[in-house]
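J.: Have a look at this one before I ask anything.
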Amino acid sequence: MSWIRRISRLSRVEKEGIYRGLVPPPLYHRFGIDPLSLCSLKGDKVVRFFSPQGDSTCLVEVKLTGQEEPLYSIQLTDSSDFTQIDWDFLVVNDPDSPRFNTHIDPQGMDTLFGWASRNLPEEERALAAGLFPGQVRKGMGLTREVIGLLEFFCRIFDIKSIRLEALFYHNAITYERHGFSYFSGYAQMKRIHELFQPGGALFRKLDNRSPFRRPDFAETVRGRSWAIHDGILAEIDDDLLDEGWVSPVMYRMVGRPRGMVTFPDPTY
């Protein structure tokens with residue numbers, strides 16, 4: 001039986017004992033969370049674990065009282081390969097940073113990270129504030145630490161690899177820098193880098209037509225990611241990119257990271 005499903009059959013106390021290890025220690029210190037009771041200084045329980053009996057998915061969430069969104073959320077799911085685990089998503093929001101409603105459109109509907117619809121005024125504000133596509137607040141620089149916690153979790157249960165889907169271009173570049181290789185999407189990522197070089201088809205599309213297409217965006221991960229989010233891939237004639245952005249599927253071997261680089265020495 002796969003591991004998340006096995007853990008789900010344990011008692012609440014046992015499950016919490018295992019999954020609390022997926023919460024980065026700096027969060028306990030910065031936000032005054034007791035690592036044993038999982039409560040804030042006010043006594044509110046702010047760390048929650050969603051792992052229903054018999055389910056193959058686990059969600060770990062840290063949400064402060066009065067905040068609309070969690071400051072930390074990570075979800076894991078069993079893979080059909082029992083030696084692999086799927087890392088579904090990671091959300092980190094710095095509650096002390098400005099908030100932007102990029103997650104809902106002007107009618108109040110969920111944008112699904114901007115793929116179903118977009119809130120352009122809020123995205124422009126987020127861009128100006130230095131955020132990446134899909135963010136409602138700045139992050140807290142915890143990616144490396146979270147990967148370390150995931151590796152420790154995997155070693156305990158003899159899980160050999162971590163699999164994920166990189167929703168945005170900047171996600172893929174970040175994960176490849178942290179030792180993730182590509183199941184799929186490597187050729188697409190290499191081609192995108194090539195076409196953002198001076199004279200390339202994507203470089204020429206950065207024509208200031210919108211705030212998301214400034215010419216200097218070709219030089220940075222954040223700029224490229226916003227341009228791709230703005231639909232730039234669909235506007236060029238290229239066999240590898242004819243479907244537009246397709247989220248790469250990536251993996252990291254536990255204890256044996258080996259990144260496949262598509263943007264050498266990137267500037268963020």
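Chain labels follow the order of the structure tokens: the first chain is A, the next B, and so on; residue numbering restarts at 1 in every chain, and ligands are counted from 1 in their shown order.
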I'd like to know which residues of region 22-164 of chain A are helix (DSSP H, G or I) (by DSSP, run on the backbone); could you write them as a PyMOL selection string?
T.: chain A and resi 22+25-30+120-128+143-156
J.: Since we have the selection now, will you write its residues out, keeping C-alpha atoms, as an mmCIF file, in the first residue's frame?
T.:
data_model
loop_
_atom_site.group_PDB
_atom_site.id
_atom_site.type_symbol
_atom_site.label_atom_id
_atom_site.label_comp_id
_atom_site.auth_asym_id
_atom_site.auth_seq_id
_atom_site.Cartn_x
_atom_site.Cartn_y
_atom_site.Cartn_z
ATOM 1 C CA LEU A 22 6.694 19.275 6.790
ATOM 2 C CA PRO A 25 10.947 25.594 11.520
ATOM 3 C CA PRO A 26 11.369 29.335 10.723
ATOM 4 C CA LEU A 27 7.572 29.651 10.615
ATOM 5 C CA TYR A 28 7.269 28.484 14.222
ATOM 6 C CA HIS A 29 9.755 31.125 15.368
ATOM 7 C CA ARG A 30 8.650 34.056 13.222
ATOM 8 C CA LEU A 120 -5.206 42.561 -15.394
ATOM 9 C CA PRO A 121 -5.238 45.612 -13.084
ATOM 10 C CA GLU A 122 -4.230 43.456 -10.115
ATOM 11 C CA GLU A 123 -1.615 41.611 -12.170
ATOM 12 C CA GLU A 124 -0.091 44.943 -13.214
ATOM 13 C CA ARG A 125 0.110 45.996 -9.569
ATOM 14 C CA ALA A 126 1.651 42.649 -8.625
ATOM 15 C CA LEU A 127 4.194 42.959 -11.443
ATOM 16 C CA ALA A 128 5.160 46.455 -10.306
ATOM 17 C CA THR A 143 11.833 26.537 -1.230
ATOM 18 C CA ARG A 144 15.243 25.060 -0.364
ATOM 19 C CA GLU A 145 14.153 24.359 3.209
ATOM 20 C CA VAL A 146 10.888 22.736 2.120
ATOM 21 C CA ILE A 147 12.737 20.456 -0.301
ATOM 22 C CA GLY A 148 15.013 19.422 2.567
ATOM 23 C CA LEU A 149 11.983 18.566 4.716
ATOM 24 C CA LEU A 150 10.458 16.576 1.851
ATOM 25 C CA GLU A 151 13.674 14.625 1.361
ATOM 26 C CA PHE A 152 13.761 13.747 5.067
ATOM 27 C CA PHE A 153 10.118 12.623 4.897
ATOM 28 C CA CYS A 154 10.917 10.444 1.868
ATOM 29 C CA ARG A 155 13.953 8.848 3.519
ATOM 30 C CA ILE A 156 11.836 7.799 6.509
#
J.: If I take CA of Glu243 (chain A) and CA of Phe196 (chain A), how far is one from the other in Å, to one decimal?
T.: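 Distance reported for this atom pair: 17.5 Å.
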J.: Could you pull out the strand (DSSP E or B) residues of region 91-149 of chain A, going by DSSP on the backbone, and write them as an MDAnalysis selection string?
T.: chainID A and resid 91:92 104 110
J.: Residues as selected, C-alpha atoms, written as a JSON list (two decimals), in the first residue's frame, can you do that?
T.:
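Okay, this is what ended up in part_20.json:
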[["chain", "number", "residue", "atom", "x", "y", "z"],
["A", 91, "VAL", "CA", 1.96, 28.03, -1.47],
["A", 92, "VAL", "CA", 3.91, 30.49, 0.69],
["A", 104, "ILE", "CA", -10.04, 36.43, -8.58],
["A", 110, "ASP", "CA", -11.51, 32.28, -9.26]]
J.: Determine, counting only C-alpha atoms, which protein, DNA and RNA residues have an atom within 12 Å of an atom of region 13-20 of chain A; residues of the same chain fewer than 5 positions away are not included. Present the result as a PDB file with N, CA and C atoms, in the first residue's frame.
T.:
ATOM      1  N   TRP A   3       2.193   5.156   0.759  1.00  0.00           N
ATOM      2  CA  TRP A   3       2.473   5.658   2.097  1.00  0.00           C
ATOM      3  C   TRP A   3       1.464   6.673   2.622  1.00  0.00           C
ATOM      4  N   ILE A   4       1.004   7.596   1.808  1.00  0.00           N
ATOM      5  CA  ILE A   4       0.040   8.584   2.308  1.00  0.00           C
ATOM      6  C   ILE A   4      -1.239   7.882   2.749  1.00  0.00           C
ATOM      7  N   ARG A   5      -1.660   6.892   1.997  1.00  0.00           N
ATOM      8  CA  ARG A   5      -2.861   6.129   2.384  1.00  0.00           C
ATOM      9  C   ARG A   5      -2.616   5.359   3.688  1.00  0.00           C
ATOM     10  N   ARG A   6      -1.419   4.805   3.844  1.00  0.00           N
ATOM     11  CA  ARG A   6      -1.095   4.100   5.090  1.00  0.00           C
ATOM     12  C   ARG A   6      -1.147   5.056   6.281  1.00  0.00           C
ATOM     13  N   ILE A   7      -0.516   6.217   6.116  1.00  0.00           N
ATOM     14  CA  ILE A   7      -0.472   7.184   7.210  1.00  0.00           C
ATOM     15  C   ILE A   7      -1.880   7.658   7.571  1.00  0.00           C
ATOM     16  N   SER A   8      -2.735   7.791   6.564  1.00  0.00           N
ATOM     17  CA  SER A   8      -4.102   8.277   6.814  1.00  0.00           C
ATOM     18  C   SER A   8      -4.876   7.365   7.751  1.00  0.00           C
ATOM     19  N   PRO A  25      10.728  25.042  10.175  1.00  0.00           N
ATOM     20  CA  PRO A  25      10.947  25.594  11.520  1.00  0.00           C
ATOM     21  C   PRO A  25      10.926  27.118  11.606  1.00  0.00           C
ATOM     22  N   LEU A  27       8.942  29.173  10.441  1.00  0.00           N
ATOM     23  CA  LEU A  27       7.572  29.651  10.615  1.00  0.00           C
ATOM     24  C   LEU A  27       7.157  29.606  12.079  1.00  0.00           C
ATOM     25  N   TYR A  28       7.595  28.568  12.796  1.00  0.00           N
ATOM     26  CA  TYR A  28       7.269  28.484  14.222  1.00  0.00           C
ATOM     27  C   TYR A  28       7.828  29.702  14.965  1.00  0.00           C
ATOM     28  N   ILE A  33       4.496  30.305  16.886  1.00  0.00           N
ATOM     29  CA  ILE A  33       3.693  29.084  16.902  1.00  0.00           C
ATOM     30  C   ILE A  33       4.392  28.040  17.763  1.00  0.00           C
ATOM     31  N   ASP A  34       3.676  27.474  18.696  1.00  0.00           N
ATOM     32  CA  ASP A  34       4.235  26.422  19.542  1.00  0.00           C
ATOM     33  C   ASP A  34       4.334  25.136  18.720  1.00  0.00           C
ATOM     34  N   PRO A  35       5.538  24.568  18.526  1.00  0.00           N
ATOM     35  CA  PRO A  35       5.683  23.377  17.676  1.00  0.00           C
ATOM     36  C   PRO A  35       5.036  22.120  18.250  1.00  0.00           C
ATOM     37  N   LEU A  36       4.679  22.141  19.534  1.00  0.00           N
ATOM     38  CA  LEU A  36       4.024  20.979  20.138  1.00  0.00           C
ATOM     39  C   LEU A  36       2.506  21.089  20.071  1.00  0.00           C
ATOM     40  N   SER A  37       1.985  22.215  20.531  1.00  0.00           N
ATOM     41  CA  SER A  37       0.523  22.396  20.513  1.00  0.00           C
ATOM     42  C   SER A  37       0.025  22.875  19.160  1.00  0.00           C
ATOM     43  N   LEU A  38       0.935  23.439  18.334  1.00  0.00           N
ATOM     44  CA  LEU A  38       0.611  23.988  17.012  1.00  0.00           C
ATOM     45  C   LEU A  38      -0.336  25.182  17.120  1.00  0.00           C
ATOM     46  N   VAL A  46      -3.239  26.975  14.641  1.00  0.00           N
ATOM     47  CA  VAL A  46      -3.016  27.582  13.327  1.00  0.00           C
ATOM     48  C   VAL A  46      -2.354  26.622  12.336  1.00  0.00           C
ATOM     49  N   VAL A  47      -1.925  25.454  12.812  1.00  0.00           N
ATOM     50  CA  VAL A  47      -1.370  24.434  11.914  1.00  0.00           C
ATOM     51  C   VAL A  47      -2.396  23.313  11.822  1.00  0.00           C
ATOM     52  N   ARG A  48      -2.790  23.000  10.592  1.00  0.00           N
ATOM     53  CA  ARG A  48      -3.837  22.000  10.393  1.00  0.00           C
ATOM     54  C   ARG A  48      -3.362  20.937   9.397  1.00  0.00           C
ATOM     55  N   PHE A  49      -3.845  19.732   9.585  1.00  0.00           N
ATOM     56  CA  PHE A  49      -3.498  18.613   8.715  1.00  0.00           C
ATOM     57  C   PHE A  49      -4.787  17.991   8.184  1.00  0.00           C
ATOM     58  N   PHE A  50      -4.892  17.879   6.889  1.00  0.00           N
ATOM     59  CA  PHE A  50      -6.068  17.269   6.262  1.00  0.00           C
ATOM     60  C   PHE A  50      -5.634  15.941   5.651  1.00  0.00           C
ATOM     61  N   SER A  51      -5.979  14.862   6.327  1.00  0.00           N
ATOM     62  CA  SER A  51      -5.584  13.523   5.889  1.00  0.00           C
ATOM     63  C   SER A  51      -6.689  12.542   6.274  1.00  0.00           C
ATOM     64  N   PRO A  52      -7.818  12.592   5.545  1.00  0.00           N
ATOM     65  CA  PRO A  52      -8.960  11.734   5.886  1.00  0.00           C
ATOM     66  C   PRO A  52      -8.608  10.253   5.830  1.00  0.00           C
ATOM     67  N   GLN A  53      -9.282   9.475   6.646  1.00  0.00           N
ATOM     68  CA  GLN A  53      -9.063   8.038   6.705  1.00  0.00           C
ATOM     69  C   GLN A  53      -9.185   7.402   5.322  1.00  0.00           C
ATOM     70  N   CYS A  58      -2.563  14.263   1.292  1.00  0.00           N
ATOM     71  CA  CYS A  58      -2.411  14.955   2.566  1.00  0.00           C
ATOM     72  C   CYS A  58      -2.135  16.425   2.305  1.00  0.00           C
ATOM     73  N   LEU A  59      -2.810  17.302   3.042  1.00  0.00           N
ATOM     74  CA  LEU A  59      -2.603  18.740   2.966  1.00  0.00           C
ATOM     75  C   LEU A  59      -2.164  19.248   4.334  1.00  0.00           C
ATOM     76  N   VAL A  60      -1.064  19.975   4.364  1.00  0.00           N
ATOM     77  CA  VAL A  60      -0.567  20.611   5.583  1.00  0.00           C
ATOM     78  C   VAL A  60      -0.693  22.111   5.391  1.00  0.00           C
ATOM     79  N   GLU A  61      -1.317  22.794   6.351  1.00  0.00           N
ATOM     80  CA  GLU A  61      -1.611  24.217   6.183  1.00  0.00           C
ATOM     81  C   GLU A  61      -1.319  24.989   7.465  1.00  0.00           C
ATOM     82  N   VAL A  62      -0.692  26.144   7.303  1.00  0.00           N
ATOM     83  CA  VAL A  62      -0.504  27.085   8.409  1.00  0.00           C
ATOM     84  C   VAL A  62      -1.287  28.345   8.047  1.00  0.00           C
ATOM     85  N   ILE A  74       1.077  23.006   1.771  1.00  0.00           N
ATOM     86  CA  ILE A  74       1.756  22.020   0.934  1.00  0.00           C
ATOM     87  C   ILE A  74       0.884  20.767   0.845  1.00  0.00           C
ATOM     88  N   GLN A  75       0.786  20.212  -0.345  1.00  0.00           N
ATOM     89  CA  GLN A  75      -0.028  19.012  -0.546  1.00  0.00           C
ATOM     90  C   GLN A  75       0.790  17.920  -1.213  1.00  0.00           C
ATOM     91  N   LEU A  76       0.666  16.712  -0.692  1.00  0.00           N
ATOM     92  CA  LEU A  76       1.331  15.531  -1.238  1.00  0.00           C
ATOM     93  C   LEU A  76       0.295  14.475  -1.568  1.00  0.00           C
ATOM     94  N   LEU A 149      12.967  19.254   3.883  1.00  0.00           N
ATOM     95  CA  LEU A 149      11.983  18.566   4.716  1.00  0.00           C
ATOM     96  C   LEU A 149      11.328  17.408   3.953  1.00  0.00           C
ATOM     97  N   LEU A 150      11.048  17.632   2.673  1.00  0.00           N
ATOM     98  CA  LEU A 150      10.458  16.576   1.851  1.00  0.00           C
ATOM     99  C   LEU A 150      11.413  15.400   1.696  1.00  0.00           C
ATOM    100  N   PHE A 152      13.719  14.469   3.793  1.00  0.00           N
ATOM    101  CA  PHE A 152      13.761  13.747   5.067  1.00  0.00           C
ATOM    102  C   PHE A 152      12.529  12.857   5.217  1.00  0.00           C
ATOM    103  N   PHE A 153      11.364  13.399   4.864  1.00  0.00           N
ATOM    104  CA  PHE A 153      10.118  12.623   4.897  1.00  0.00           C
ATOM    105  C   PHE A 153      10.256  11.381   4.013  1.00  0.00           C
ATOM    106  N   CYS A 154      10.792  11.560   2.815  1.00  0.00           N
ATOM    107  CA  CYS A 154      10.917  10.444   1.868  1.00  0.00           C
ATOM    108  C   CYS A 154      11.899   9.390   2.365  1.00  0.00           C
ATOM    109  N   ILE A 156      12.484   8.571   5.437  1.00  0.00           N
ATOM    110  CA  ILE A 156      11.836   7.799   6.509  1.00  0.00           C
ATOM    111  C   ILE A 156      11.042   6.634   5.931  1.00  0.00           C
ATOM    112  N   PHE A 157      10.378   6.867   4.803  1.00  0.00           N
ATOM    113  CA  PHE A 157       9.480   5.856   4.234  1.00  0.00           C
ATOM    114  C   PHE A 157      10.078   5.178   2.991  1.00  0.00           C
TER     115      PHE A 157
END
